[in-house]
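Q: For reference, the file data_22.cif (mmCIF, C-alpha atoms and all ligand atoms) is included below:
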```
data_run
loop_
_atom_site.label_atom_id
_atom_site.label_comp_id
_atom_site.auth_asym_id
_atom_site.auth_seq_id
_atom_site.Cartn_x
_atom_site.Cartn_y
_atom_site.Cartn_z
CA MET A 1 39.97 10.67 -11.29
CA ARG A 2 36.41 9.40 -11.26
CA LYS A 3 34.57 10.22 -8.03
CA PRO A 4 32.74 7.22 -6.54
CA VAL A 5 28.97 7.51 -6.34
CA ILE A 6 26.87 5.47 -3.92
CA ILE A 7 23.11 5.45 -4.47
CA GLY A 8 20.64 3.74 -2.15
CA ASN A 9 17.66 2.38 -4.05
CA TRP A 10 14.80 1.94 -1.59
CA LYS A 11 12.52 0.48 -4.27
CA MET A 12 8.94 0.20 -2.90
CA ASN A 13 10.07 0.35 0.74
CA ASN A 14 10.25 3.03 3.46
CA GLY A 15 7.09 5.12 3.30
CA PRO A 16 7.01 8.69 4.73
CA ASP A 17 7.08 7.55 8.40
CA ALA A 18 9.98 5.18 7.85
CA ALA A 19 11.73 7.89 5.78
CA ASN A 20 11.33 10.27 8.69
CA SER A 21 12.93 7.92 11.19
CA PHE A 22 15.68 7.01 8.69
CA TYR A 23 16.39 10.75 8.28
CA GLU A 24 16.65 11.37 12.04
CA LYS A 25 19.09 8.49 12.50
CA LEU A 26 21.20 9.25 9.44
CA GLU A 27 21.52 12.90 10.41
CA LYS A 28 22.88 11.86 13.83
CA LEU A 29 25.27 9.33 12.31
CA ILE A 30 26.61 11.80 9.76
CA GLY A 31 27.00 14.53 12.38
CA LYS A 32 30.07 16.46 11.36
CA THR A 33 31.47 13.78 9.02
CA GLU A 34 32.49 15.38 5.74
CA ILE A 35 31.35 13.11 2.94
CA ASP A 36 33.27 14.89 0.24
CA ALA A 37 35.21 12.19 -1.59
CA VAL A 38 32.03 10.31 -2.47
CA ASP A 39 28.83 11.46 -4.20
CA TRP A 40 25.79 9.89 -2.56
CA SER A 41 22.05 9.86 -2.91
CA ILE A 42 18.87 8.07 -1.95
CA ALA A 43 16.33 6.90 -4.51
CA ALA A 44 13.24 7.00 -2.31
CA PRO A 45 9.63 6.40 -3.34
CA PHE A 46 8.17 9.71 -4.53
CA LEU A 47 5.95 10.24 -1.45
CA SER A 48 8.87 9.63 0.93
CA MET A 49 11.00 12.11 -1.01
CA VAL A 50 8.67 14.86 0.12
CA THR A 51 9.51 14.01 3.76
CA LEU A 52 13.24 13.95 3.06
CA MET A 53 13.08 17.22 1.12
CA GLN A 54 11.14 19.12 3.79
CA LYS A 55 13.59 18.03 6.50
CA GLY A 56 16.56 19.06 4.37
CA GLU A 57 15.53 22.70 4.18
CA ASP A 58 17.57 23.72 7.23
CA ARG A 59 19.16 20.44 8.32
CA LEU A 60 21.03 17.57 6.65
CA TYR A 61 20.56 17.79 2.89
CA ILE A 62 19.96 14.42 1.28
CA PRO A 63 20.63 14.42 -2.47
CA LEU A 64 17.66 12.63 -4.01
CA SER A 65 17.27 10.26 -6.92
CA ALA A 66 14.13 9.13 -8.70
CA GLN A 67 13.71 5.42 -9.34
CA ASN A 68 12.04 6.03 -12.67
CA VAL A 69 10.71 8.77 -14.93
CA ASN A 70 8.37 8.95 -17.92
CA GLU A 71 9.86 9.82 -21.30
CA ASN A 72 7.02 12.19 -22.29
CA GLU A 73 6.95 15.89 -21.45
CA SER A 74 3.45 15.97 -19.94
CA GLY A 75 -0.09 14.82 -20.63
CA ALA A 76 -2.43 11.91 -20.18
CA PHE A 77 -0.09 9.31 -18.67
CA THR A 78 -1.87 8.17 -15.50
CA GLY A 79 0.47 7.31 -12.67
CA GLU A 80 3.60 8.76 -14.27
CA ILE A 81 6.06 11.53 -13.35
CA SER A 82 7.84 13.78 -15.87
CA VAL A 83 11.40 15.06 -16.07
CA SER A 84 10.29 18.66 -15.48
CA MET A 85 8.52 17.61 -12.25
CA LEU A 86 11.76 16.05 -11.04
CA GLN A 87 13.65 19.22 -12.00
CA GLU A 88 11.14 21.38 -10.15
CA CYS A 89 11.78 19.34 -6.98
CA GLY A 90 15.57 19.44 -7.26
CA ILE A 91 16.01 15.71 -7.89
CA GLU A 92 19.69 15.10 -8.72
CA TYR A 93 19.78 11.63 -10.29
CA THR A 94 17.29 9.29 -11.94
CA ILE A 95 17.68 5.56 -12.30
CA ILE A 96 16.51 4.24 -15.66
CA GLY A 97 16.40 0.72 -17.02
CA HIS A 98 16.51 -1.01 -13.63
CA SER A 99 16.10 -4.74 -14.22
CA GLU A 100 12.89 -4.77 -12.15
CA ARG A 101 11.38 -2.17 -14.48
CA ARG A 102 12.59 -4.13 -17.51
CA GLN A 103 11.15 -7.37 -16.06
CA TYR A 104 7.86 -6.24 -14.47
CA PHE A 105 7.00 -3.14 -16.49
CA SER A 106 8.17 -4.30 -19.92
CA GLU A 107 10.78 -1.59 -20.36
CA THR A 108 12.79 -2.24 -23.50
CA ASN A 109 16.13 -0.76 -24.49
CA GLU A 110 14.18 1.52 -26.83
CA ILE A 111 12.07 2.94 -23.97
CA VAL A 112 15.17 3.27 -21.79
CA ASN A 113 16.82 5.23 -24.61
CA LYS A 114 13.83 7.60 -24.82
CA LYS A 115 13.99 8.21 -21.06
CA LEU A 116 17.71 8.81 -21.32
CA LYS A 117 17.19 11.39 -24.06
CA ALA A 118 14.53 13.16 -22.00
CA LEU A 119 16.97 13.40 -19.08
CA VAL A 120 19.95 14.44 -21.20
CA ASN A 121 17.87 17.38 -22.41
CA THR A 122 18.16 18.77 -18.86
CA PHE A 123 21.95 19.09 -19.26
CA VAL A 124 21.40 22.47 -20.92
CA SER A 125 20.14 23.98 -17.66
CA GLU A 126 23.03 24.61 -15.32
CA GLU A 127 21.09 24.35 -12.09
CA ASP A 128 18.38 21.80 -12.68
CA TYR A 129 20.13 19.11 -14.66
CA ILE A 130 19.47 15.51 -13.68
CA ILE A 131 22.11 12.80 -13.96
CA PRO A 132 20.72 9.59 -15.48
CA VAL A 133 21.85 6.32 -13.91
CA LEU A 134 21.48 3.73 -16.65
CA ALA A 135 21.26 0.19 -15.26
CA PHE A 136 22.21 -2.87 -17.28
CA GLY A 137 23.06 -6.50 -16.61
CA GLU A 138 22.39 -10.10 -17.54
CA THR A 139 19.95 -12.70 -16.19
CA GLU A 140 21.14 -15.86 -14.46
CA ALA A 141 20.40 -17.95 -17.57
CA GLU A 142 22.41 -15.54 -19.75
CA PHE A 143 25.26 -15.67 -17.22
CA ASP A 144 25.20 -19.49 -17.24
CA ASN A 145 25.24 -19.49 -21.05
CA ASN A 146 28.23 -17.15 -21.17
CA GLN A 147 26.15 -14.44 -22.85
CA THR A 148 26.97 -11.64 -20.39
CA LEU A 149 29.08 -9.53 -22.72
CA GLU A 150 26.76 -9.94 -25.66
CA VAL A 151 23.77 -8.81 -23.53
CA VAL A 152 25.70 -5.91 -22.02
CA LYS A 153 26.82 -4.74 -25.46
CA THR A 154 23.26 -4.72 -26.79
CA GLN A 155 21.89 -2.94 -23.71
CA LEU A 156 24.58 -0.25 -23.87
CA THR A 157 24.51 0.22 -27.64
CA GLU A 158 20.73 0.46 -27.83
CA GLY A 159 20.34 2.34 -24.55
CA LEU A 160 22.87 5.01 -25.57
CA LYS A 161 21.70 5.32 -29.19
CA ASP A 162 22.09 8.91 -30.51
CA ILE A 163 23.53 10.21 -27.24
CA LYS A 164 26.55 12.46 -27.88
CA ALA A 165 29.93 11.66 -26.31
CA THR A 166 29.94 14.88 -24.28
CA ASP A 167 26.56 13.96 -22.79
CA ALA A 168 27.53 10.30 -22.26
CA GLN A 169 30.44 11.48 -20.11
CA ASN A 170 27.95 12.87 -17.58
CA ILE A 171 25.84 9.73 -17.37
CA ILE A 172 26.38 7.07 -14.71
CA LEU A 173 26.17 3.42 -15.74
CA ALA A 174 25.24 0.73 -13.22
CA TYR A 175 26.18 -2.87 -13.89
CA GLU A 176 23.70 -5.04 -12.03
CA PRO A 177 23.78 -8.76 -12.78
CA ILE A 178 20.17 -9.77 -12.17
CA TRP A 179 21.20 -12.99 -10.41
CA ALA A 180 22.93 -10.87 -7.74
CA ILE A 181 20.03 -8.49 -7.01
CA GLY A 182 18.33 -9.08 -3.67
CA THR A 183 19.67 -12.63 -3.60
CA GLY A 184 22.62 -12.19 -1.27
CA LYS A 185 24.73 -13.62 -4.14
CA THR A 186 27.21 -10.84 -4.90
CA ALA A 187 29.37 -11.03 -7.99
CA THR A 188 32.95 -11.45 -6.78
CA PRO A 189 34.98 -8.25 -7.06
CA GLU A 190 36.90 -9.89 -9.93
CA GLN A 191 33.72 -10.84 -11.80
CA ALA A 192 32.27 -7.34 -11.39
CA GLN A 193 35.59 -5.74 -12.36
CA ASN A 194 35.87 -7.89 -15.51
CA VAL A 195 32.41 -7.06 -16.80
CA ILE A 196 32.74 -3.37 -15.94
CA LYS A 197 36.13 -3.21 -17.65
CA SER A 198 34.54 -4.77 -20.74
CA ALA A 199 31.65 -2.29 -20.51
CA ARG A 200 34.26 0.48 -20.58
CA GLU A 201 35.75 -1.08 -23.73
CA ILE A 202 32.27 -1.10 -25.29
CA ILE A 203 31.91 2.61 -24.42
CA LYS A 204 35.29 3.22 -26.05
CA ASP A 205 34.08 1.48 -29.22
CA ILE A 206 30.82 3.45 -29.25
CA TYR A 207 32.54 6.76 -28.47
CA ASP A 208 36.24 7.27 -27.74
CA ALA A 209 38.92 6.72 -25.09
CA GLU A 210 38.13 9.97 -23.26
CA THR A 211 34.47 9.07 -22.81
CA ALA A 212 35.36 5.54 -21.65
CA ASP A 213 37.80 7.00 -19.17
CA THR A 214 35.41 9.63 -17.83
CA ILE A 215 32.10 7.77 -17.51
CA ARG A 216 31.37 6.43 -14.03
CA ILE A 217 30.28 2.80 -13.78
CA GLN A 218 28.74 1.47 -10.58
CA TYR A 219 28.28 -2.11 -9.48
CA GLY A 220 24.95 -3.23 -7.97
CA GLY A 221 23.72 -6.52 -6.57
CA SER A 222 23.84 -7.43 -2.86
CA VAL A 223 26.37 -4.73 -1.96
CA ASN A 224 26.62 -4.33 1.83
CA PRO A 225 28.98 -2.77 4.39
CA ASN A 226 31.04 -5.98 4.49
CA ASN A 227 31.80 -6.25 0.79
CA VAL A 228 31.73 -2.59 -0.32
CA LYS A 229 35.43 -1.86 0.28
CA GLU A 230 36.69 -4.76 -1.75
CA LEU A 231 34.33 -3.95 -4.61
CA MET A 232 35.29 -0.25 -4.59
CA ALA A 233 38.99 -1.18 -4.62
CA GLN A 234 38.60 -2.52 -8.17
CA PRO A 235 40.06 -0.09 -10.70
CA ASP A 236 37.00 0.15 -12.96
CA ILE A 237 34.25 0.17 -10.30
CA ASP A 238 33.20 3.74 -9.46
CA GLY A 239 30.51 3.25 -6.87
CA ALA A 240 27.49 1.17 -6.01
CA LEU A 241 23.76 1.00 -6.51
CA VAL A 242 22.49 -0.56 -3.31
CA GLY A 243 19.05 -1.96 -2.57
CA GLY A 244 18.49 -3.92 0.65
CA ALA A 245 21.50 -2.56 2.55
CA SER A 246 20.40 1.05 1.95
CA LEU A 247 17.16 0.71 3.92
CA ASP A 248 18.84 0.82 7.30
CA PRO A 249 20.51 4.14 8.25
CA GLU A 250 23.52 2.53 9.96
CA SER A 251 24.29 0.29 7.07
CA PHE A 252 23.73 3.14 4.57
CA TYR A 253 26.05 5.36 6.61
CA LYS A 254 28.76 2.68 6.48
CA LEU A 255 28.32 2.44 2.72
CA ILE A 256 28.69 6.16 2.04
CA THR A 257 31.72 6.34 4.36
CA PHE A 258 33.37 3.17 3.02
CA ASN A 259 36.57 5.13 2.35
CA LYS A 260 36.90 6.60 5.88
P1 LIG B 301 20.26 -5.24 -3.76
O1 LIG B 301 19.58 -4.40 -4.93
O2 LIG B 301 21.38 -4.42 -3.22
O3 LIG B 301 19.15 -5.48 -2.75
O4 LIG B 301 20.75 -6.53 -4.36
C1 LIG B 301 20.35 -3.68 -5.84
C2 LIG B 301 19.47 -2.97 -6.84
O5 LIG B 301 18.47 -3.55 -7.29
O6 LIG B 301 19.74 -1.82 -7.22
#
```
Using structure tokens, write down the structure from this file.
Ligand code: PGA

A:
Amino acid sequence: MRKPVIIGNWKMNNGPDAANSFYEKLEKLIGKTEIDAVDWSIAAPFLSMVTLMQKGEDRLYIPLSAQNVNENESGAFTGEISVSMLQECGIEYTIIGHSERRQYFSETNEIVNKKLKALVNTFVSEEDYIIPVLAFGETEAEFDNNQTLEVVKTQLTEGLKDIKATDAQNIILAYEPIWAIGTGKTATPEQAQNVIKSAREIIKDIYDAETADTIRIQYGGSVNPNNVKELMAQPDIDGALVGGASLDPESFYKLITFNK
């Protein structure tokens, strides 16, 4: 059984003050609720993570995700953050290849693959390993031209190049059709299911049936508390990467307790 994983991607929203008030409200909402059947996390801006981390020391622990990481170990890379810095701070997941990074920061499949390799190297340390969340998905024009599967195949094949099956099994994939991100236009559960099922077939071709069966694949793109249940009911969808609807604590709480 693949455990669903819900990750809130705050993008460049919710600075330290907003993170503080989000924390206070979420902690109250969660109260004594056991969120054990779902893995969850918040990908906050780096500065806001500090606020969330400090609170978590003796209160609600929020598992944190980075929204990006640099592929180099250290050095003269102004403005960047390394894998070892994320490890040092106990970051649990890192999103790589988000379509906004591909579009606005020129991230190619080759760069995404380098970042993935840098993160997979952490799998050797039992305590400080970081789970990569590899995002992929087609543009609206590619969707209209029926190129979705072709694009997805290239992104997955090139993104996962030289990654071993045993490591791939620990990675999370996130299918995010770009036309559904921040637009309020969600893929229907059937559309998302079909592409994710095909992505699983692609993983089977790259690796084997066991890897395809084990790897978790999220859906992302205008997920909200009203559509999350139906999306999660699809057999191949193992969670969600949520932008807009993760900014508000009530809506985020409903998302991470969708199965209650
Ligand atoms: P959205 O963003 O939920 O606001 O559409 C999803 C994402 O970009 O991860």

Q: Just the residues within 8 Å of region 191-205 of chain A, please, counting all atoms listed in the file, with nothing from its chain fewer than 6 positions along; format it as an MDAnalysis selection string.

A: chainID A and resid 148:149 152:153 156 175 211:213 217 219 231 234:237

Q: Give me the box for region 79-93 of chain A as lines of an AutoDock Vina configuration file, namely the centre and edge lengths in Å to one decimal of a box along x, y and z that holds every listed atom plus 3 Å on each side.

A:
```
center_x = 10.1
center_y = 14.3
center_z = -11.5
size_x = 25.3
size_y = 20.1
size_z = 15.1
```

Q: Neighbours of ligand LIG 301 (chain B) within 8 Å, counting all atoms listed in the file, as a list in words?

A: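 Counting all atoms listed in the file, the residues within 8 Å of ligand LIG 301 (chain B) come out as Gly8, Asn9, Lys11, His98, Ser99, Glu100, Glu176, Ala180, Ile181, Gly182, Thr183, Gly184, Thr186, Gly220, Gly221, Ser222, Val223, Asn224, Leu241, Val242, Gly243, Gly244, Ala245 and Ser246 of chain A.
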
Q: Write out as a ChimeraX atom specification which residues come within 12 Å of region 249-257 of chain A when counting only C-alpha atoms, dropping same-chain ones fewer than 5 positions away.

A: /A:4-10,14,18-31,33-42,223-232,239-244

Q: Just the number, please: distance in Å from CA of Ser82 (chain A) to CA of Asp17 (chain A), one decimal.

A: 25.1 Å

Q: Near Glu138 (chain A), counting only C-alpha atoms, which residues have an atom at most 7 Å away, once you skip same-chain residues fewer than 2 positions from it, shown as a list in words?

A: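 Those residues are Glu140, Glu142, Phe143, Thr148, Val151, Val152, Pro177 and Ile178 of chain A.
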
Q: Given only C-alpha atoms as the basis, pick out the residue of A:Ala187, A:Glu126, A:Ala233, A:Glu73 nearest to Asn259 (chain A).

A: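 Checking each of A:Ala187, A:Glu126, A:Ala233, A:Glu73 against Asn259 (chain A), counting only C-alpha atoms, the winner is A:Ala233.
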